$ cat coords10.txt   # compact mmCIF, C-alpha atoms
# COMPACT_ATOMS: atom_id res chain seq x y z
CA MET Z 21 -206.28 -77.41 -26.18
CA ARG Z 22 -205.83 -78.10 -29.89
CA PHE Z 23 -206.74 -81.10 -32.01
CA LEU Z 24 -205.93 -82.17 -35.55
CA ILE Z 25 -209.06 -83.59 -37.18
CA LYS Z 26 -208.40 -85.82 -40.19
CA LEU Z 27 -211.21 -86.73 -42.58
CA ASN Z 28 -211.81 -88.85 -45.66
CA LEU Z 29 -213.95 -87.59 -48.53
CA GLU Z 30 -216.91 -89.95 -49.03
CA GLU Z 31 -219.22 -88.02 -51.35
CA GLY Z 32 -219.07 -84.96 -53.59
CA LYS Z 33 -216.03 -82.82 -54.38
CA GLU Z 34 -217.16 -79.18 -54.56
CA ILE Z 35 -217.90 -76.72 -51.73
CA SER Z 36 -218.42 -72.98 -51.51
CA LEU Z 37 -215.33 -70.81 -51.10
CA ASN Z 38 -217.23 -69.32 -48.15
CA TYR Z 39 -217.39 -72.66 -46.35
CA GLY Z 40 -216.46 -71.29 -42.90
CA TYR Z 41 -220.04 -70.91 -41.72
CA LEU Z 42 -220.91 -74.37 -43.05
CA LEU Z 43 -218.02 -75.96 -41.15
CA SER Z 44 -218.90 -74.02 -38.00
CA SER Z 45 -222.50 -75.26 -38.18
CA ALA Z 46 -221.34 -78.85 -38.69
CA ILE Z 47 -219.09 -78.63 -35.64
CA TYR Z 48 -221.93 -77.30 -33.49
CA LYS Z 49 -224.12 -80.20 -34.63
CA ILE Z 50 -221.50 -82.69 -33.46
CA ILE Z 51 -221.27 -81.00 -30.08
CA GLN Z 52 -225.07 -80.87 -29.85
CA LYS Z 53 -225.35 -84.64 -30.24
CA ALA Z 54 -223.20 -85.29 -27.19
CA ASP Z 55 -223.96 -82.41 -24.88
CA GLY Z 56 -226.90 -80.11 -25.61
CA GLU Z 57 -226.18 -77.72 -22.74
CA TYR Z 58 -222.54 -77.28 -23.76
CA ALA Z 59 -223.53 -76.64 -27.38
CA TYR Z 60 -226.13 -74.05 -26.30
CA PHE Z 61 -223.51 -72.33 -24.15
CA LEU Z 62 -221.03 -72.12 -27.03
CA HIS Z 63 -223.58 -70.95 -29.58
CA GLU Z 64 -225.75 -68.57 -27.55
CA LYS Z 65 -223.72 -67.39 -24.57
CA GLY Z 66 -220.03 -68.04 -24.94
CA TYR Z 67 -217.84 -66.57 -22.25
CA GLY Z 68 -218.78 -63.16 -20.89
CA LYS Z 69 -219.22 -60.78 -23.82
CA GLY Z 70 -220.28 -63.54 -26.18
CA PHE Z 71 -216.76 -64.92 -26.63
CA LYS Z 72 -216.87 -68.62 -27.46
CA LEU Z 73 -213.10 -69.17 -27.13
CA PHE Z 74 -213.42 -71.90 -29.70
CA THR Z 75 -212.03 -71.68 -33.21
CA PHE Z 76 -210.91 -73.77 -36.17
CA SER Z 77 -208.52 -73.46 -39.08
CA ASP Z 78 -209.14 -73.44 -42.80
CA LEU Z 79 -209.44 -76.86 -44.42
CA ARG Z 80 -206.14 -78.42 -45.41
CA CYS Z 81 -206.42 -80.33 -48.67
CA VAL Z 82 -205.41 -80.48 -52.31
CA TYR Z 83 -207.79 -78.26 -54.24
CA ARG Z 84 -208.42 -76.06 -57.26
CA ILE Z 85 -210.70 -73.10 -57.83
CA LYS Z 86 -213.71 -73.19 -60.17
CA GLY Z 87 -215.75 -69.99 -59.99
CA ASP Z 88 -217.14 -69.67 -56.47
CA ARG Z 89 -216.41 -73.36 -55.75
CA LEU Z 90 -213.51 -75.08 -54.03
CA VAL Z 91 -212.91 -78.37 -55.86
CA LEU Z 92 -211.31 -81.06 -53.69
CA GLU Z 93 -208.66 -82.91 -55.71
CA GLY Z 94 -207.90 -85.62 -53.16
CA ARG Z 95 -209.73 -87.67 -50.55
CA GLU Z 96 -207.69 -86.55 -47.51
CA VAL Z 97 -208.86 -83.40 -45.71
CA SER Z 98 -207.94 -82.03 -42.29
CA PHE Z 99 -208.35 -79.01 -40.02
CA ILE Z 100 -207.23 -77.89 -36.57
CA ILE Z 101 -209.78 -77.08 -33.89
CA SER Z 102 -209.03 -75.28 -30.61
CA PHE Z 103 -210.98 -74.99 -27.36
CA HIS Z 104 -210.34 -73.08 -24.17
CA LEU Z 105 -211.07 -76.00 -21.85
CA PRO Z 106 -209.31 -77.79 -18.99
CA ASP Z 107 -207.04 -80.70 -19.97
CA ALA Z 108 -209.57 -83.06 -18.38
CA PHE Z 109 -211.82 -82.46 -21.43
CA GLU Z 110 -209.30 -84.00 -23.84
CA ASN Z 111 -210.90 -87.44 -24.07
CA PHE Z 112 -214.37 -85.86 -24.14
CA ILE Z 113 -213.48 -83.78 -27.22
CA LYS Z 114 -211.80 -86.74 -28.94
CA GLY Z 115 -214.89 -88.86 -28.35
CA LEU Z 116 -217.13 -86.15 -29.78
CA PHE Z 117 -215.45 -86.09 -33.17
CA LEU Z 118 -214.16 -89.61 -33.71
CA THR Z 119 -216.14 -91.47 -36.45
CA GLN Z 120 -218.44 -88.48 -36.97
CA VAL Z 121 -219.60 -87.42 -40.44
CA ILE Z 122 -219.40 -83.79 -41.54
CA GLU Z 123 -221.53 -82.51 -44.41
CA LEU Z 124 -220.78 -79.14 -45.98
CA ALA Z 125 -223.62 -78.13 -48.25
CA ASP Z 126 -225.26 -75.06 -49.75
CA ASN Z 127 -227.78 -74.65 -52.57
CA LYS Z 128 -225.17 -75.50 -55.21
CA SER Z 129 -223.09 -78.41 -53.94
CA LYS Z 130 -222.36 -80.77 -51.06
CA VAL Z 131 -219.50 -82.86 -49.72
CA ARG Z 132 -219.61 -85.60 -47.12
CA LEU Z 133 -216.51 -86.12 -44.97
CA LYS Z 134 -215.96 -88.84 -42.37
CA VAL Z 135 -213.61 -88.26 -39.43
CA SER Z 136 -210.80 -90.83 -39.56
CA SER Z 137 -208.71 -89.68 -36.59
CA VAL Z 138 -208.49 -87.05 -33.84
CA GLU Z 139 -205.00 -86.16 -32.59
CA SER Z 140 -204.12 -83.98 -29.60
CA LEU Z 141 -201.55 -81.31 -30.43
CA VAL Z 142 -198.87 -80.24 -27.96
CA ASN Z 143 -199.28 -76.75 -26.53
CA PRO Z 144 -196.14 -74.92 -27.77
CA LEU Z 145 -196.39 -72.43 -24.88
CA MET Z 146 -195.92 -75.10 -22.21
CA ILE Z 147 -192.14 -74.57 -22.27
CA TYR Z 148 -192.55 -71.10 -20.78
CA LYS Z 149 -192.90 -70.28 -17.10
CA GLU Z 150 -195.94 -68.51 -15.64
CA ASN Z 151 -195.75 -64.72 -16.07
CA GLU Z 152 -192.62 -65.05 -18.22
CA LEU Z 153 -192.19 -62.34 -20.86
CA ILE Z 154 -191.93 -63.98 -24.26
CA ASN Z 155 -191.59 -62.92 -27.89
CA ILE Z 156 -193.04 -65.35 -30.42
CA LYS Z 157 -193.69 -65.33 -34.16
CA VAL Z 158 -197.05 -66.76 -35.28
CA ARG Z 159 -198.78 -67.35 -38.61
CA PRO Z 160 -202.62 -67.42 -38.79
CA ILE Z 161 -204.14 -70.68 -40.01
CA SER Z 162 -207.47 -69.06 -40.83
CA VAL Z 163 -208.69 -65.61 -41.84
CA ILE Z 164 -208.37 -62.81 -39.28
CA VAL Z 165 -210.86 -59.96 -39.59
CA ALA Z 166 -210.37 -56.65 -37.79
CA GLY Z 167 -212.61 -53.63 -38.20
CA LEU Z 168 -213.97 -50.45 -36.67
CA ARG Z 169 -217.70 -49.87 -36.34
CA LYS Z 170 -218.95 -46.81 -38.19
CA GLU Z 171 -221.81 -44.50 -37.20
CA ASP Z 172 -224.20 -46.37 -39.50
CA GLY Z 173 -223.45 -49.62 -37.65
CA LYS Z 174 -221.40 -51.10 -40.49
CA TYR Z 175 -217.70 -51.86 -40.26
CA ASN Z 176 -214.61 -50.37 -41.82
CA PHE Z 177 -212.36 -53.42 -42.25
CA LEU Z 178 -208.67 -52.79 -41.71
CA SER Z 179 -205.59 -53.89 -43.64
CA PRO Z 180 -202.72 -55.47 -41.65
CA GLU Z 181 -200.66 -52.49 -42.85
CA ASP Z 182 -202.97 -50.16 -40.87
CA THR Z 183 -201.65 -49.49 -37.34
CA ARG Z 184 -205.23 -49.82 -36.05
CA PHE Z 185 -205.24 -53.46 -37.19
CA THR Z 186 -202.93 -54.62 -34.39
CA GLU Z 187 -204.60 -52.22 -31.95
CA SER Z 188 -207.95 -53.89 -32.69
CA LEU Z 189 -206.52 -57.39 -32.20
CA ILE Z 190 -204.86 -56.45 -28.90
CA TYR Z 191 -208.11 -54.89 -27.66
CA ASN Z 192 -209.96 -58.11 -28.48
CA TRP Z 193 -207.21 -60.21 -26.89
CA ARG Z 194 -207.28 -58.16 -23.69
CA SER Z 195 -211.08 -58.41 -23.53
CA LYS Z 196 -210.86 -62.19 -23.66
CA ILE Z 197 -208.28 -62.20 -20.86
CA ALA Z 198 -210.61 -60.04 -18.77
CA THR Z 199 -213.48 -62.45 -19.37
CA LEU Z 200 -211.43 -65.44 -18.21
CA PHE Z 201 -209.18 -64.04 -15.52
CA GLY Z 202 -210.70 -60.70 -14.50
CA GLU Z 203 -210.20 -57.04 -15.32
CA ALA Z 204 -207.20 -56.68 -12.98
CA VAL Z 205 -205.19 -59.37 -14.78
CA ALA Z 206 -206.19 -58.02 -18.19
CA GLY Z 207 -205.24 -54.49 -17.20
CA THR Z 208 -201.71 -55.48 -16.17
CA ALA Z 209 -201.07 -57.89 -19.06
CA LEU Z 210 -198.23 -56.66 -21.27
CA LEU Z 211 -199.45 -57.19 -24.82
CA MET Z 212 -197.59 -56.00 -27.92
CA MET Z 213 -197.96 -57.02 -31.53
CA GLU Z 214 -196.53 -56.13 -34.92
CA VAL Z 215 -197.17 -57.36 -38.44
CA LEU Z 216 -193.92 -58.55 -40.00
CA PRO Z 217 -193.02 -57.60 -43.58
CA MET Z 218 -194.21 -60.11 -46.18
CA GLU Z 219 -192.41 -61.34 -49.29
CA GLN Z 220 -195.56 -60.49 -51.24
CA PRO Z 221 -198.00 -57.63 -50.57
CA PHE Z 222 -201.30 -58.37 -48.80
CA LYS Z 223 -204.31 -58.92 -51.03
CA SER Z 224 -207.87 -58.03 -50.07
CA ARG Z 225 -210.76 -60.41 -50.66
CA LEU Z 226 -214.47 -60.01 -50.01
CA ILE Z 227 -215.97 -63.07 -48.34
CA THR Z 228 -219.58 -63.66 -47.33
CA ILE Z 229 -220.42 -64.79 -43.81
CA LYS Z 230 -223.41 -67.18 -43.61
CA ALA Z 231 -223.57 -67.30 -47.41
CA GLY Z 232 -226.87 -68.49 -48.83
CA THR Z 233 -228.89 -67.47 -45.76
CA ASP Z 234 -231.01 -64.43 -44.89
CA ALA Z 235 -228.29 -63.37 -42.43
CA GLN Z 236 -225.43 -63.38 -44.94
CA THR Z 237 -222.91 -60.57 -44.39
CA PRO Z 238 -220.02 -59.51 -46.64
CA ARG Z 239 -216.66 -58.95 -44.97
CA LYS Z 240 -213.41 -57.77 -46.46
CA THR Z 241 -210.30 -59.71 -45.45
CA HIS Z 242 -206.65 -59.02 -46.14
CA ILE Z 243 -204.40 -62.00 -46.75
CA LYS Z 244 -201.16 -62.93 -48.49
CA ASN Z 245 -202.42 -65.97 -50.36
CA SER Z 246 -206.02 -67.07 -50.68
CA PHE Z 247 -208.33 -69.35 -52.58

$ encode --input "coords10.txt" --output "structure tokens"
Amino acid sequence: MRFLIKLNLEEGKEISLNYGYLLSSAIYKIIQKADGEYAYFLHEKGYGKGFKLFTFSDLRCVYRIKGDRLVLEGREVSFIISFHLPDAFENFIKGLFLTQVIELADNKSKVRLKVSSVESLVNPLMIYKENELINIKVRPISVIVAGLRKEDGKYNFLSPEDTRFTESLIYNWRSKIATLFGEAVAGTALLMMEVLPMEQPFKSRLITIKAGTDAQTPRKTHIKNSF
């Protein structure tokens, strides 16, 4: 299930360009307030191989870039959050986020955002029948990172133009299916993917995961447009 979270800016106007970890931490704090066991499961265990099957988009807002800061130019901010949960959890998730306050802060700046509304989004795949073969075109709403582990334990991050990029995503996709529905279903699932030509070439950008902490990790991403 997917939700559109709308927020109003209450304090501050600058955040780190690497705000993903900050937003993730803020979301976990909201979940923790309502259901400690569920939050622990998401953060520590996930599903099977550590999959959390929970994700969120980049922030949607009017902004400009100033050094390593994202400067919010307006007071309206939003993002999409997705969970792999039964439909019965819809009101539970809405109740978790409604009227909550999200703070995104590092050692340089902080913003305070208050949730103004939580809207359920229609599942676009509901029009298809079970086990129907479909061909759909999708556009990521947040950064996708794909890489191969090297002998030294570090990763070689792949460009979308590398054939191993889609192979890596399909492998991850199939692993998630196996976790949820079993190895037999995952093994017979017909999964194919291709990266469509872009009007502009992909650009690489180095981002830092968990920036400002002892566990910070640089990762190289490949995207068409970025901030």

$ closest_residue --input "coords10.txt" --among "Z:Pro180, Z:Glu187, Z:Asp172, Z:Val91" --to "Val131 in chain Z" --atoms "all atoms listed in the file"
Z:Val91

$ atom_distance --input "coords10.txt" --atom1 "CA of Gly167 in chain Z" --atom2 "CA of Arg184 in chain Z"
8.6 Å

$ closest_residue --input "coords10.txt" --among "Z:Leu24, Z:Leu178, Z:Ala206, Z:Leu168" --to "Val142 in chain Z" --atoms "only C-alpha atoms"
Z:Leu24

$ closest_residue --input "coords10.txt" --among "Z:Leu92, Z:Val121, Z:Met21, Z:Ile35" --to "Lys49 in chain Z" --atoms "all atoms listed in the file"
Z:Val121

$ residues_near_point --input "coords10.txt" --point "(-193.4, -69.7, -41.4)" --cutoff "12 Å" --atoms "all atoms listed in the file" --output "PDB file with C-alpha atoms, in the frame of the given file"
ATOM      1  CA  ILE Z 156    -193.040 -65.350 -30.420  1.00  0.00           C
ATOM      2  CA  LYS Z 157    -193.690 -65.330 -34.160  1.00  0.00           C
ATOM      3  CA  VAL Z 158    -197.050 -66.760 -35.280  1.00  0.00           C
ATOM      4  CA  ARG Z 159    -198.780 -67.350 -38.610  1.00  0.00           C
ATOM      5  CA  PRO Z 160    -202.620 -67.420 -38.790  1.00  0.00           C
ATOM      6  CA  ILE Z 161    -204.140 -70.680 -40.010  1.00  0.00           C
ATOM      7  CA  LEU Z 216    -193.920 -58.550 -40.000  1.00  0.00           C
ATOM      8  CA  MET Z 218    -194.210 -60.110 -46.180  1.00  0.00           C
ATOM      9  CA  GLU Z 219    -192.410 -61.340 -49.290  1.00  0.00           C
TER      10      GLU Z 219
END

$ closest_residue --input "coords10.txt" --among "Z:Tyr48, Z:Phe185, Z:Tyr175, Z:Tyr41" --to "Ala125 in chain Z" --atoms "all atoms listed in the file"
Z:Tyr41

$ residues_around --input "coords10.txt" --residues "range 44-46 of chain Z" --least-positions-apart "4" --cutoff "9 Å" --atoms "only C-alpha atoms" --output "number ranges by chain"
Z: 39-40, 50-51, 75-76, 121-124

$ atom_distance --input "coords10.txt" --atom1 "CA of Ser36 in chain Z" --atom2 "CA of Leu90 in chain Z"
5.9 Å

$ residues_around --input "coords10.txt" --residues "Leu141 in chain Z" --least-positions-apart "2" --cutoff "9 Å" --atoms "all atoms listed in the file" --output "list in words"
Met21, Arg22, Phe23, Leu24, Glu139, Asn143 and Pro144 of chain Z

$ closest_residue --input "coords10.txt" --among "Z:Leu133, Z:Val215, Z:Ile101, Z:Val163" --to "Leu73 in chain Z" --atoms "only C-alpha atoms"
Z:Ile101

$ atom_distance --input "coords10.txt" --atom1 "CA of Trp193 in chain Z" --atom2 "CA of Glu214 in chain Z"
14.0 Å
